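Here the structure comes first, spelled out in structure tokens, and everything after it is commentary.
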Amino acid sequence: MDWNHYRFRSLWPLPAPPATVYEVLQRPEDYPLWWRQVREVIRLDDTTGVIRIRSLLPYDMTFTAREVRRDPAAGLLETALSGDIDGWARWTVTPHGAGSLARYDQVVSVHKPLLRRLAVPGRPLFRANHALMMRSGRCGLSRHLRAV
């Protein structure tokens, strides 16, 4: 087993139609407005940006996200990730009751040296840290959608 390889899936029921949720998710430069763990997004061009995140544990992760697929009709946004983590992430937005369901899938390998050294003993903490970040993102996006 590669202790530096992770697969994540988060499901976010949200109080807005899929088109509205998709519109917000396709603008990562605005994520810091509603997702407090996304500390900074620097757009490099129309499809690429550098993102710095930090959750509960005292370390930042910085990576470049490059759009590889944007399909509003299917509700898909997919990015390739490189830097402290390498891999991909995908949002899939679908109708769900009176609102939407945003599904976040991520498959990454960690390259940040400190996290690699702590891979085995730290893995449960790293997974919990990710879960807390995703929960905060869902709550922040729900609040943001209610305000717009």
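Chain lettering (A, B, ...) mirrors the order of the structure tokens, residue numbering begins at 1 for each chain separately, and ligand numbering begins at 1 in order of display.
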
Members of chain A assigned alpha helix (DSSP H) by DSSP, as JSON, numbers by chain: {"A": [18, 19, 20, 21, 22, 23, 24, 25, 31, 32, 33, 34, 113, 114, 115, 116, 117, 119, 120, 121, 122, 123, 124, 125, 126, 127, 128, 129, 130, 131, 132, 133, 134, 135, 136, 137, 138, 139, 140, 141, 142, 143, 144, 145, 146, 147]}

Serialized selection, N, CA and C atoms, as a CSV table (one decimal), in the first residue's frame:
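Dumped everything to again-v6.csv:
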chain,number,residue,atom,x,y,z
A,18,PRO,N,-28.9,23.2,-9.6
A,18,PRO,CA,-27.6,22.8,-10.1
A,18,PRO,C,-26.9,23.9,-10.9
A,19,ALA,N,-27.6,24.6,-11.7
A,19,ALA,CA,-26.9,25.6,-12.5
A,19,ALA,C,-26.3,26.7,-11.6
A,20,THR,N,-26.9,27.1,-10.5
A,20,THR,CA,-26.4,28.1,-9.6
A,20,THR,C,-25.2,27.5,-8.8
A,21,VAL,N,-25.3,26.3,-8.4
A,21,VAL,CA,-24.1,25.7,-7.7
A,21,VAL,C,-22.9,25.6,-8.6
A,22,TYR,N,-23.2,25.1,-9.8
A,22,TYR,CA,-22.1,25.0,-10.8
A,22,TYR,C,-21.4,26.3,-11.1
A,23,GLU,N,-22.2,27.4,-11.2
A,23,GLU,CA,-21.7,28.7,-11.5
A,23,GLU,C,-20.7,29.1,-10.4
A,24,VAL,N,-21.1,28.8,-9.1
A,24,VAL,CA,-20.2,29.2,-8.0
A,24,VAL,C,-18.9,28.3,-8.0
A,25,LEU,N,-19.1,27.0,-8.2
A,25,LEU,CA,-17.9,26.1,-8.2
A,25,LEU,C,-17.0,26.3,-9.3
A,31,TYR,N,-13.5,31.0,-4.0
A,31,TYR,CA,-13.6,30.0,-2.9
A,31,TYR,C,-13.3,30.6,-1.6
A,32,PRO,N,-12.2,31.4,-1.5
A,32,PRO,CA,-11.9,32.0,-0.1
A,32,PRO,C,-13.0,32.8,0.5
A,33,LEU,N,-13.9,33.3,-0.3
A,33,LEU,CA,-15.1,34.1,0.2
A,33,LEU,C,-16.0,33.2,1.0
A,34,TRP,N,-16.1,32.0,0.7
A,34,TRP,CA,-17.1,31.1,1.4
A,34,TRP,C,-16.4,29.8,2.0
A,113,PRO,N,7.1,17.0,1.8
A,113,PRO,CA,8.1,16.2,2.5
A,113,PRO,C,7.6,15.8,4.0
A,114,LEU,N,7.2,16.8,4.7
A,114,LEU,CA,6.8,16.5,6.1
A,114,LEU,C,5.7,15.5,6.2
A,115,LEU,N,4.7,15.6,5.3
A,115,LEU,CA,3.5,14.7,5.3
A,115,LEU,C,4.0,13.3,4.8
A,116,ARG,N,4.9,13.3,3.9
A,116,ARG,CA,5.4,11.9,3.5
A,116,ARG,C,6.1,11.2,4.6
A,117,ARG,N,6.9,12.0,5.4
A,117,ARG,CA,7.6,11.4,6.6
A,117,ARG,C,6.7,10.9,7.6
A,119,ALA,N,3.6,9.8,7.0
A,119,ALA,CA,2.5,9.1,6.3
A,119,ALA,C,1.8,8.0,7.1
A,120,VAL,N,2.5,7.1,7.7
A,120,VAL,CA,1.9,6.0,8.4
A,120,VAL,C,1.2,6.5,9.7
A,121,PRO,N,2.0,7.1,10.6
A,121,PRO,CA,1.3,7.5,11.9
A,121,PRO,C,0.3,8.6,11.7
A,122,GLY,N,0.5,9.4,10.7
A,122,GLY,CA,-0.4,10.6,10.5
A,122,GLY,C,-1.6,10.4,9.6
A,123,ARG,N,-1.7,9.3,8.9
A,123,ARG,CA,-2.8,9.0,8.0
A,123,ARG,C,-4.1,9.3,8.6
A,124,PRO,N,-4.5,8.7,9.7
A,124,PRO,CA,-5.8,9.0,10.3
A,124,PRO,C,-6.1,10.4,10.5
A,125,LEU,N,-5.1,11.2,11.0
A,125,LEU,CA,-5.2,12.6,11.2
A,125,LEU,C,-5.4,13.4,9.9
A,126,PHE,N,-4.6,13.0,8.9
A,126,PHE,CA,-4.7,13.7,7.6
A,126,PHE,C,-6.1,13.5,7.0
A,127,ARG,N,-6.6,12.2,7.1
A,127,ARG,CA,-8.0,12.0,6.6
A,127,ARG,C,-9.0,12.8,7.4
A,128,ALA,N,-8.9,12.8,8.7
A,128,ALA,CA,-9.8,13.6,9.5
A,128,ALA,C,-9.7,15.1,9.2
A,129,ASN,N,-8.5,15.6,9.0
A,129,ASN,CA,-8.3,17.0,8.6
A,129,ASN,C,-9.0,17.3,7.3
A,130,HIS,N,-8.9,16.4,6.3
A,130,HIS,CA,-9.6,16.6,5.1
A,130,HIS,C,-11.1,16.6,5.3
A,131,ALA,N,-11.6,15.7,6.1
A,131,ALA,CA,-13.1,15.6,6.3
A,131,ALA,C,-13.6,16.9,7.0
A,132,LEU,N,-12.8,17.4,7.9
A,132,LEU,CA,-13.2,18.7,8.5
A,132,LEU,C,-13.2,19.9,7.5
A,133,MET,N,-12.2,19.9,6.6
A,133,MET,CA,-12.1,20.9,5.6
A,133,MET,C,-13.3,20.8,4.7
A,134,MET,N,-13.7,19.6,4.3
A,134,MET,CA,-14.8,19.4,3.4
A,134,MET,C,-16.1,19.8,4.1
A,135,ARG,N,-16.3,19.4,5.3
A,135,ARG,CA,-17.5,19.8,6.1
A,135,ARG,C,-17.6,21.3,6.1
A,136,SER,N,-16.5,22.0,6.4
A,136,SER,CA,-16.5,23.5,6.5
A,136,SER,C,-16.9,24.1,5.1
A,137,GLY,N,-16.3,23.5,4.1
A,137,GLY,CA,-16.7,24.0,2.7
A,137,GLY,C,-18.1,23.8,2.4
A,138,ARG,N,-18.7,22.7,2.7
A,138,ARG,CA,-20.1,22.5,2.5
A,138,ARG,C,-21.0,23.5,3.2
A,139,CYS,N,-20.7,23.7,4.5
A,139,CYS,CA,-21.4,24.7,5.3
A,139,CYS,C,-21.2,26.1,4.8
A,140,GLY,N,-20.0,26.4,4.4
A,140,GLY,CA,-19.8,27.8,3.8
A,140,GLY,C,-20.5,28.0,2.5
A,141,LEU,N,-20.5,27.0,1.6
A,141,LEU,CA,-21.1,27.1,0.4
A,141,LEU,C,-22.7,27.2,0.6
A,142,SER,N,-23.2,26.4,1.5
A,142,SER,CA,-24.6,26.5,1.8
A,142,SER,C,-25.0,27.9,2.2
A,143,ARG,N,-24.2,28.5,3.1
A,143,ARG,CA,-24.5,29.9,3.6
A,143,ARG,C,-24.4,30.8,2.4
A,144,HIS,N,-23.4,30.7,1.6
A,144,HIS,CA,-23.2,31.6,0.5
A,144,HIS,C,-24.3,31.5,-0.5
A,145,LEU,N,-24.8,30.3,-0.8
A,145,LEU,CA,-25.9,30.1,-1.7
A,145,LEU,C,-27.2,30.7,-1.2
A,146,ARG,N,-27.4,30.7,0.1
A,146,ARG,CA,-28.6,31.3,0.7
A,146,ARG,C,-28.6,32.8,0.6
A,147,ALA,N,-27.4,33.4,0.6
A,147,ALA,CA,-27.2,34.8,0.6
A,147,ALA,C,-27.3,35.4,-0.9

For Val68 (chain A): contacts at 7 Å, only C-alpha atoms, fewer than 6 positions along chain excluded, given as a PyMOL selection string: chain A and resi 78-80

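With distances restricted to only C-alpha atoms, A:Glu40 is the closest residue to Arg54 (chain A) from A:Glu29, A:Glu40, A:Asp71, A:Asp105.
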
Every residue of region 19-143 of chain A that DSSP places in strand (DSSP E or B), as an NGL selection string: :A and (38-43 or 48-53 or 61-71 or 76-83 or 85-96 or 99-110)

Counting only C-alpha atoms, the option among A:Asn4, A:Thr64, A:Thr47, A:Thr92 closest to Val107 (chain A): A:Asn4

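Atom pair CA of Val41 (chain A) / CA of Asp84 (chain A): separated by 14.9 Å.
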
Selection near Gln106 (chain A), 8 Å with only C-alpha atoms, sequence-local residues under 3 positions removed, as a PyMOL selection string: chain A and resi 6-9+87-90

Selection to disk with N, CA and C atoms, as a PDB file, in the first residue's frame:
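out.pdb written:
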ATOM      1  N   TYR A   6      -4.184   8.920  -1.655  1.00  0.00           N
ATOM      2  CA  TYR A   6      -5.496   9.097  -1.024  1.00  0.00           C
ATOM      3  C   TYR A   6      -6.591   9.163  -2.072  1.00  0.00           C
ATOM      4  N   ARG A   7      -7.741   8.609  -1.719  1.00  0.00           N
ATOM      5  CA  ARG A   7      -8.986   8.755  -2.489  1.00  0.00           C
ATOM      6  C   ARG A   7     -10.011   9.354  -1.535  1.00  0.00           C
ATOM      7  N   PHE A   8     -10.638  10.423  -1.981  1.00  0.00           N
ATOM      8  CA  PHE A   8     -11.664  11.078  -1.166  1.00  0.00           C
ATOM      9  C   PHE A   8     -12.948  11.206  -1.967  1.00  0.00           C
ATOM     10  N   ARG A   9     -14.063  11.147  -1.276  1.00  0.00           N
ATOM     11  CA  ARG A   9     -15.366  11.446  -1.883  1.00  0.00           C
ATOM     12  C   ARG A   9     -16.188  12.167  -0.817  1.00  0.00           C
ATOM     13  N   GLY A  87      -2.436  14.746  -8.711  1.00  0.00           N
ATOM     14  CA  GLY A  87      -3.566  13.881  -9.010  1.00  0.00           C
ATOM     15  C   GLY A  87      -4.657  14.655  -9.705  1.00  0.00           C
ATOM     16  N   TRP A  88      -5.906  14.406  -9.308  1.00  0.00           N
ATOM     17  CA  TRP A  88      -7.035  15.087  -9.923  1.00  0.00           C
ATOM     18  C   TRP A  88      -8.155  15.266  -8.908  1.00  0.00           C
ATOM     19  N   ALA A  89      -9.034  16.205  -9.241  1.00  0.00           N
ATOM     20  CA  ALA A  89     -10.233  16.462  -8.441  1.00  0.00           C
ATOM     21  C   ALA A  89     -11.376  16.749  -9.402  1.00  0.00           C
ATOM     22  N   ARG A  90     -12.580  16.329  -9.004  1.00  0.00           N
ATOM     23  CA  ARG A  90     -13.742  16.520  -9.872  1.00  0.00           C
ATOM     24  C   ARG A  90     -14.976  16.859  -9.053  1.00  0.00           C
TER      25      ARG A  90
END

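With distances restricted to only C-alpha atoms, A:Leu81 is the closest residue to Ser109 (chain A) from A:Leu81, A:Arg27, A:His96, A:Trp91.
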